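Asker: I have a structure I would like to understand better, so I am pasting it below and will then ask my questions one at a time.
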Amino acid sequence: MGLNITFKNIESTEAIKAYVEKKTGKFEKYISYPMEIHAILSVSRGEHVVELTCHAEYHDMVATAKSDDLYASIDQAVVKIENQMKKEREKKKGHNAAHKMSRRGEKFGQDLAPELPHQGKAKAR
């Protein structure tokens with residue numbers, strides 16, 4: 001995992017760099033293939049703005065967060081990227097499962113009970 005951190009209108013410190021590395025390290029549990037992460041940390045009009053860009057296997061995921069606290073902005077952006085990664089992982093899981101099911105055509109649907117057509121409500125007389 002490659003990590004690039006860019007500071008705009010803010011002084012870079014080792015504490016901030018370590019915090020960003022720690023938080024973006026969580027991404028490895030969602031994606032096993034190599035990825036590049038670019039973090040842009042800036043201050044504009046008194047607000048701390050964090051933009052995270054993650055490029056992983058043909059997918060670009062981008063998240064932007066603003067708040068009065070830099071660490072809170074980092075947390076918000078990381079949560080947004082994690083949600084995007086979870087969604088992508090679930091899509092991929094479903095896609096692979098569909099292919100495995102269609103390859104076993106003889107077993108497809110055998111474990112499902114047949115559905116009867118809707119009979120409607122019976123009128124009480």
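How things are named: the first chain in the structure tokens is A, the next is B, and so on; residues count from 1 in each chain; ligands count from 1 in the order shown.
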Excluding same-chain residues fewer than 6 positions from Thr24 of chain A, what lies within 10 Å of it counting only C-alpha atoms, as a list in words?
Answerer: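 Here the answer would be Met1, Leu3, Ala18, Ile37, Ala39, Leu52, Cys54, Ile74, Asp75, Ala77, Val78, Val79, Ile81 and Glu82 of chain A.
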Asker: Please provide as number ranges by chain all residues within 12 Å of Ile5 of chain A, with the sequence filter that same-chain residues fewer than 6 positions apart are discarded (counting only C-alpha atoms).
Answerer: A: 11-14, 16-21, 24, 36-42, 50-53, 74
Asker: In Å to one decimal, how far is atom CA of Gly25 of chain A from atom CA of Asp60 of chain A?
Answerer: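 So the answer is 17.2 Å.
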Asker: What does the distance from atom CA of Ser44 of chain A to atom CA of Asn9 of chain A come to in Å, to one decimal?
Answerer: 7.8 Å
